[in-house]
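Enquirer: What follows is protein-v9.cif; its format and atoms are mmCIF, C-alpha atoms and all ligand atoms.
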data_protein
#
loop_
_atom_site.label_atom_id
_atom_site.label_comp_id
_atom_site.auth_asym_id
_atom_site.auth_seq_id
_atom_site.Cartn_x
_atom_site.Cartn_y
_atom_site.Cartn_z
CA MET A 1 0.00 0.00 0.00
CA ILE A 2 1.33 3.45 -0.86
CA ASN A 3 2.32 5.62 2.03
CA GLU A 4 -0.42 8.18 1.40
CA LEU A 5 -3.13 5.56 1.81
CA GLN A 6 -1.58 4.40 5.05
CA ILE A 7 -1.57 7.95 6.38
CA LEU A 8 -5.18 8.47 5.31
CA VAL A 9 -6.26 5.27 7.10
CA GLU A 10 -4.52 6.45 10.26
CA MET A 11 -6.10 9.89 9.97
CA GLN A 12 -9.55 8.33 9.61
CA LYS A 13 -8.91 6.24 12.74
CA ILE A 14 -8.17 9.44 14.64
CA ASP A 15 -11.24 11.15 13.19
CA ASP A 16 -13.40 8.21 14.29
CA VAL A 17 -12.19 8.73 17.86
CA ILE A 18 -12.70 12.51 17.55
CA GLY A 19 -16.28 11.84 16.40
CA GLU A 20 -16.96 9.66 19.45
CA LYS A 21 -15.51 12.29 21.77
CA ILE A 22 -17.55 15.06 20.15
CA SER A 23 -20.73 13.04 20.78
CA LEU A 24 -19.62 12.64 24.37
CA THR A 25 -19.07 16.39 24.85
CA LYS A 26 -22.62 16.89 23.62
CA ALA A 27 -24.07 14.14 25.82
CA LEU A 28 -22.38 15.29 29.04
CA PRO A 29 -23.87 18.82 29.22
CA LYS A 30 -27.24 17.32 28.36
CA LYS A 31 -26.88 14.93 31.30
CA LEU A 32 -26.06 17.88 33.54
CA ASN A 33 -28.99 19.90 32.21
CA ASP A 34 -31.31 16.97 32.83
CA MET A 35 -30.13 16.88 36.46
CA ILE A 36 -30.62 20.63 36.88
CA GLU A 37 -34.06 20.29 35.33
CA GLY A 38 -34.81 17.45 37.79
CA VAL A 39 -33.93 19.71 40.73
CA ASN A 40 -36.04 22.54 39.33
CA VAL A 41 -39.06 20.30 38.88
CA ALA A 42 -38.68 18.94 42.43
CA ASN A 43 -38.34 22.48 43.85
CA GLU A 44 -41.43 23.58 41.98
CA LYS A 45 -43.47 20.64 43.29
CA VAL A 46 -42.40 21.22 46.90
CA LYS A 47 -43.28 24.91 46.54
CA MET A 48 -46.69 24.17 45.04
CA ILE A 49 -47.61 21.75 47.81
CA ALA A 50 -46.48 24.26 50.47
CA GLU A 51 -48.69 26.91 48.87
CA GLU A 52 -51.64 24.54 48.74
CA LEU A 53 -51.06 23.61 52.38
CA SER A 54 -50.97 27.23 53.50
CA GLU A 55 -54.15 27.93 51.50
CA ASN A 56 -55.81 24.95 53.18
CA LYS A 57 -54.88 26.18 56.67
CA LYS A 58 -56.12 29.70 55.88
CA THR A 59 -59.47 28.29 54.74
CA GLN A 60 -59.71 26.14 57.87
CA LYS A 61 -59.13 29.22 60.05
CA LEU A 62 -61.87 31.14 58.22
CA LYS A 63 -64.32 28.26 58.58
CA GLU A 64 -63.57 27.98 62.29
CA LEU A 65 -64.19 31.71 62.71
CA GLU A 66 -67.45 31.39 60.81
CA ILE A 67 -68.60 28.58 63.13
CA LYS A 68 -67.64 30.62 66.17
CA SER A 69 -69.50 33.71 64.96
CA ASN A 70 -72.57 31.59 64.14
CA ILE A 71 -72.51 30.14 67.66
CA GLU A 72 -72.35 33.64 69.10
CA GLN A 73 -75.25 34.72 66.93
CA MET A 74 -77.26 31.69 68.02
CA GLY A 75 -76.59 32.63 71.68
CA LYS A 76 -77.99 36.07 71.00
CA TYR A 77 -81.12 34.62 69.37
CA LYS A 78 -81.62 32.25 72.29
CA ASN A 79 -81.50 35.17 74.73
CA GLN A 80 -84.02 37.04 72.63
CA LEU A 81 -86.26 33.97 72.69
CA LEU A 82 -86.67 34.44 76.48
CA ASN A 83 -88.32 37.81 75.92
CA VAL A 84 -90.49 37.25 72.84
CA GLN A 85 -94.06 38.54 72.98
CA THR A 86 -95.67 36.89 69.99
CA ASN A 87 -95.80 33.45 68.53
CA LYS A 88 -94.71 34.88 65.19
CA GLU A 89 -91.54 36.37 66.69
CA TYR A 90 -90.84 33.09 68.46
CA LYS A 91 -91.14 31.11 65.25
CA ALA A 92 -88.93 33.57 63.34
CA LEU A 93 -86.13 33.42 65.92
CA ASN A 94 -86.34 29.67 66.18
CA SER A 95 -86.06 29.31 62.43
CA GLU A 96 -82.95 31.59 62.46
CA VAL A 97 -81.36 29.38 65.10
CA SER A 98 -82.07 26.17 63.24
CA HIS A 99 -80.81 27.74 60.00
CA LEU A 100 -77.49 28.63 61.70
CA GLU A 101 -77.28 25.13 63.14
CA ASN A 102 -77.58 23.72 59.62
CA VAL A 103 -74.99 26.15 58.31
CA ASN A 104 -72.53 25.16 61.04
CA SER A 105 -73.11 21.50 60.42
CA SER A 106 -72.25 21.87 56.74
CA ILE A 107 -69.19 24.01 57.59
CA ASP A 108 -68.14 21.19 59.90
CA ASP A 109 -68.33 18.76 56.99
CA GLU A 110 -66.21 21.10 54.90
CA LEU A 111 -63.68 21.38 57.73
CA LEU A 112 -63.39 17.61 57.90
CA LEU A 113 -62.64 17.45 54.20
CA LEU A 114 -60.06 20.20 54.55
CA MET A 115 -58.36 18.36 57.41
CA GLU A 116 -58.33 15.16 55.41
CA ASN A 117 -56.76 17.03 52.52
CA GLU A 118 -54.23 18.63 54.87
CA THR A 119 -53.03 15.18 55.97
CA LYS A 120 -52.71 14.12 52.34
CA LEU A 121 -50.79 17.26 51.43
CA LYS A 122 -48.40 16.76 54.34
CA GLU A 123 -47.67 13.22 53.16
CA GLN A 124 -47.17 14.45 49.60
CA SER A 125 -44.89 17.20 50.85
CA GLN A 126 -42.71 14.70 52.70
CA ALA A 127 -42.48 12.46 49.65
CA GLU A 128 -41.65 15.38 47.34
CA GLN A 129 -39.04 16.68 49.76
CA LYS A 130 -37.30 13.32 49.64
CA ILE A 131 -37.30 13.44 45.83
CA GLN A 132 -36.02 17.03 45.98
CA GLU A 133 -33.18 16.07 48.33
CA ALA A 134 -32.20 13.13 46.12
CA ALA A 135 -32.21 15.33 43.00
CA GLN A 136 -30.08 17.98 44.72
CA LYS A 137 -27.67 15.36 45.99
CA GLU A 138 -27.34 13.80 42.53
CA LEU A 139 -26.65 17.19 40.96
CA LYS A 140 -24.14 18.20 43.61
CA GLU A 141 -22.27 14.91 43.32
CA ASN A 142 -22.16 15.01 39.51
CA GLU A 143 -21.80 18.66 38.63
CA ASP A 144 -18.06 18.98 39.27
CA LYS A 145 -17.38 15.50 37.96
CA LEU A 146 -19.22 16.11 34.68
CA ASN A 147 -17.68 19.56 34.15
CA GLU A 148 -14.28 18.01 34.69
CA GLU A 149 -15.09 15.24 32.22
CA ILE A 150 -16.16 17.79 29.61
CA GLU A 151 -12.87 19.63 30.08
CA VAL A 152 -10.83 16.44 29.78
CA VAL A 153 -12.64 15.29 26.64
CA THR A 154 -12.31 18.74 25.06
CA ALA A 155 -8.55 18.68 25.72
CA GLU A 156 -8.34 15.17 24.24
CA ILE A 157 -10.11 16.34 21.10
CA THR A 158 -7.66 19.24 20.71
CA GLU A 159 -4.75 16.85 21.09
CA LEU A 160 -6.17 14.36 18.58
CA ARG A 161 -6.81 17.15 16.08
CA SER A 162 -3.27 18.38 16.29
CA LYS A 163 -1.97 14.82 15.88
CA ARG A 164 -4.19 14.35 12.80
CA ASN A 165 -3.15 17.72 11.40
CA SER A 166 0.52 16.96 11.69
CA MET A 167 -0.09 13.73 9.76
CA ALA A 168 -2.08 15.67 7.17
CA LYS A 169 0.84 18.04 6.64
CA THR A 170 2.80 15.16 5.09
CA LEU A 171 0.16 14.79 2.33
CA PRO A 172 -0.28 16.85 -0.85
CA THR A 173 -2.64 19.82 -0.40
CA ASN A 174 -5.27 18.52 -2.83
CA ILE A 175 -5.60 15.27 -0.83
CA ILE A 176 -5.86 17.15 2.48
CA LYS A 177 -8.61 19.35 1.01
CA ARG A 178 -10.44 16.33 -0.31
CA TYR A 179 -10.15 14.51 3.01
CA ALA A 180 -11.36 17.55 4.97
CA ALA A 181 -14.36 18.04 2.65
CA LEU A 182 -15.36 14.37 2.98
CA ILE A 183 -15.04 14.46 6.79
CA LYS A 184 -17.25 17.55 6.81
CA ASN A 185 -19.88 16.40 4.33
CA LYS A 186 -19.89 12.62 4.55
CA ASN A 187 -20.75 11.98 8.15
CA ARG A 188 -17.13 12.11 9.34
CA LYS A 189 -16.16 9.22 7.05
CA ALA A 190 -13.58 10.13 4.41
CA VAL A 191 -11.71 6.82 4.15
CA VAL A 192 -13.65 3.56 4.03
CA PHE A 193 -12.91 -0.07 3.33
CA ASN A 194 -14.75 -2.18 0.80
CA VAL A 195 -17.24 -4.72 2.12
CA GLY A 196 -17.01 -7.59 -0.38
CA ASN A 197 -17.49 -5.85 -3.69
CA THR A 198 -19.35 -2.85 -2.28
CA CYS A 199 -18.29 0.50 -0.81
CA GLY A 200 -18.19 0.38 2.99
CA GLY A 201 -19.42 3.96 3.09
CA CYS A 202 -22.52 3.85 0.89
CA GLY A 203 -22.98 0.23 -0.15
CA TYR A 204 -22.55 0.98 -3.86
CA SER A 205 -21.32 -1.95 -6.00
CA LEU A 206 -17.75 -1.48 -7.15
CA ARG A 207 -16.75 -2.38 -10.70
CA PRO A 208 -14.45 -5.45 -10.93
CA GLN A 209 -11.76 -3.31 -12.55
CA LEU A 210 -11.94 -0.89 -9.58
CA LEU A 211 -11.65 -3.80 -7.13
CA ILE A 212 -8.49 -4.99 -8.87
CA GLU A 213 -6.99 -1.53 -8.56
CA LEU A 214 -8.14 -1.32 -4.99
CA LYS A 215 -6.25 -4.49 -4.20
CA LYS A 216 -3.09 -3.10 -5.79
CA ALA A 217 -3.32 -0.02 -3.56
CA THR A 218 -1.00 1.98 -5.76
CA ARG A 219 -3.26 5.04 -5.99
CA ILE A 220 -6.20 6.60 -4.17
CA ILE A 221 -9.48 5.16 -5.46
CA ASN A 222 -12.70 7.09 -4.92
CA CYS A 223 -16.13 5.48 -4.67
CA GLU A 224 -17.99 6.38 -7.87
CA ASN A 225 -21.15 6.98 -5.86
CA CYS A 226 -20.28 8.72 -2.56
CA GLY A 227 -16.80 9.94 -3.49
CA ARG A 228 -15.18 8.53 -0.34
CA MET A 229 -11.62 7.29 -0.55
CA LEU A 230 -11.55 3.49 -0.65
CA VAL A 231 -8.99 1.13 0.84
CA TYR A 232 -8.92 -2.64 0.27
CA ASN A 233 -10.23 -4.26 3.46
CA GLU A 234 -7.43 -6.80 3.82
CA LEU A 235 -5.03 -3.90 4.15
CA LYS A 236 -6.73 -2.74 7.35
ZN ZN B 301 -19.45 4.91 -1.56
#
Would you write out, as structure tokens, the structure that this file holds?
Ligand SMILES: [Zn+2]

Expert:
Amino acid sequence: MINELQILVEMQKIDDVIGEKISLTKALPKKLNDMIEGVNVANEKVKMIAEELSENKKTQKLKELEIKSNIEQMGKYKNQLLNVQTNKEYKALNSEVSHLENVNSSIDDELLLLMENETKLKEQSQAEQKIQEAAQKELKENEDKLNEEIEVVTAEITELRSKRNSMAKTLPTNIIKRYAALIKNKNRKAVVFNVGNTCGGCGYSLRPQLLIELKKATRIINCENCGRMLVYNELK
């Protein structure tokens, strides 16, 4: 195999690794963002439950005050009952008292429901707080680690690029340009091996004459379909 082909194969190997590392640098911040998002969601839930709980307690207080004021009013009516002159007055006061008794009884029912809901909210709050703590802990434990990993991978990519570039410098300019364009436009695959009698990059069938030349490896052969540079697979 001519030296240029050997260099191109090595460069492609490096670009494959660069590609993997680039995917990793994209995946790591996403992982971190997902964790931050997890904490935000947990915080929001805890806050919402706390607000609902405080609303519930406020309503309970108001209902209790209403009951108390109704009881006071009933006391007043009962005192008035002692001094009524007519049957009509007596009936009217009595009906006021029994109305207030009914009102209080239904407020009592509402209070019970509110108390039941309060218990449920407290349980929910505890559960959500546990989730919140776990999310915060996960973020705290991973934040520095992931940022460090991103830095390391970014440095590795820079190093690999400079290694690839110094190999590229030994090639003629037109080949470097061609390689760079293929890396950019052909899914980071500039140099591929044949698979049987097809191109390993696009699957296109290679002419027998081309396969013979490929085997000889005395010049750079391009796939007639995708344009990638082909290398005979036994020369891997
Ligand atoms: Zn091809």

Enquirer: Determine, using all atoms listed in the file, which residues of chain A have any atom at most 8 Å from an atom of ligand ZN 301 (chain B), and tabulate each with its shortest atom pair and distance in Å to one decimal place, rows ordered by chain and then rising number, as a tab-separated table.

Expert:
residue	atom	partner	partner_atom	distance
A:Thr198	CA	B:ZN301	ZN	7.8
A:Cys199	CA	B:ZN301	ZN	4.6
A:Gly200	CA	B:ZN301	ZN	6.5
A:Gly201	CA	B:ZN301	ZN	4.7
A:Cys202	CA	B:ZN301	ZN	4.1
A:Gly203	CA	B:ZN301	ZN	6.0
A:Tyr204	CA	B:ZN301	ZN	5.5
A:Asn222	CA	B:ZN301	ZN	7.8
A:Cys223	CA	B:ZN301	ZN	4.6
A:Glu224	CA	B:ZN301	ZN	6.6
A:Asn225	CA	B:ZN301	ZN	5.1
A:Cys226	CA	B:ZN301	ZN	4.0
A:Gly227	CA	B:ZN301	ZN	6.0
A:Arg228	CA	B:ZN301	ZN	5.7

Enquirer: Thr119 of chain A: which residues within 12 Å, counting all atoms listed in the file, same-chain residues fewer than 3 positions away excluded, as a short mmCIF file (atom, residue, chain, number, x, y, z; two decimals) with C-alpha atoms, in the coordinates of the input?

Expert:
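That gives us selection-v9.cif:
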data_model
loop_
_atom_site.label_atom_id
_atom_site.label_comp_id
_atom_site.auth_asym_id
_atom_site.auth_seq_id
_atom_site.Cartn_x
_atom_site.Cartn_y
_atom_site.Cartn_z
CA ILE A 49 -47.61 21.75 47.81
CA GLU A 52 -51.64 24.54 48.74
CA LEU A 53 -51.06 23.61 52.38
CA ASN A 56 -55.81 24.95 53.18
CA LYS A 57 -54.88 26.18 56.67
CA LEU A 112 -63.39 17.61 57.90
CA LEU A 113 -62.64 17.45 54.20
CA LEU A 114 -60.06 20.20 54.55
CA MET A 115 -58.36 18.36 57.41
CA GLU A 116 -58.33 15.16 55.41
CA LYS A 122 -48.40 16.76 54.34
CA GLU A 123 -47.67 13.22 53.16
CA GLN A 124 -47.17 14.45 49.60
CA SER A 125 -44.89 17.20 50.85
CA GLN A 126 -42.71 14.70 52.70
#

Enquirer: Using only C-alpha atoms, can you tell me which of A:Ser54, A:Arg207, A:Val9, A:Thr86 comes closest to Phe193 of chain A?

Expert: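 Closest candidate: A:Val9.
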
Enquirer: Which residues come within 12 Å of Lys236 of chain A, counting all atoms listed in the file, excluding same-chain residues fewer than 6 positions away, as a list in words?

Expert: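 Neighbouring residues, sequence-local ones excluded: Met1, Leu5, Gln6, Ile7, Leu8, Val9, Glu10, Gln12, Lys13, Val191, Val192, Phe193, Asn194, Val195, Lys215, Ala217 and Leu230 of chain A.
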
Enquirer: In Å, with one decimal, what is the gap from atom CA of Lys130 of chain A to atom CA of Asp144 of chain A?

Expert: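 Here the two named atoms are 22.6 Å from each other.
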
Enquirer: When you draw a straight line from atom CA of Asn142 of chain A to atom CA of Lys31 of chain A, how long is it in Å?

Expert: 9.5 Å

Enquirer: Report as a PyMOL selection string all protein, DNA and RNA residues lying within 9 Å of Tyr77 of chain A, evaluated on only C-alpha atoms, omitting residues in the same chain fewer than 6 positions from it.

Expert: chain A and resi 93-94+96-97

Enquirer: Which one is closest to Leu214 of chain A: A:Asn197, A:Ser69, A:Ser166, A:Asn102? Count all atoms listed in the file.

Expert: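 Looking only at the distances to Leu214 of chain A, the closest residue turns out to be A:Asn197.
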
Enquirer: Could you tell me which of A:Thr170, A:Asn43, A:Thr59, A:Asn165 comes closest to Gln129 of chain A if we count only C-alpha atoms?

Expert: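 Going through A:Thr170, A:Asn43, A:Thr59, A:Asn165 one by one, the smallest distance to Gln129 of chain A is for A:Asn43.
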
Enquirer: Which residue is closest to Glu141 of chain A? Choose from A:Ile36, A:Val231, A:Leu206, A:Asp15 and count all atoms listed in the file.

Expert: A:Ile36

Enquirer: In Å, with one decimal, what is the gap from atom CA of Lys76 of chain A to atom CA of Lys63 of chain A?

Expert: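 Computing the Euclidean distance for atom CA of Lys76 of chain A and atom CA of Lys63 of chain A yields 20.1 Å.
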
Enquirer: Please enclose the listed atoms of segment 197-208 of chain A in an axis-aligned box, pad each side by 8 Å, and write out the centre and the three edge lengths in Å, rounded to one decimal, as AutoDock Vina command-line options.

Expert:
--center_x -18.7 --center_y -0.9 --center_z -3.9 --size_x 24.5 --size_y 25.8 --size_z 30.0
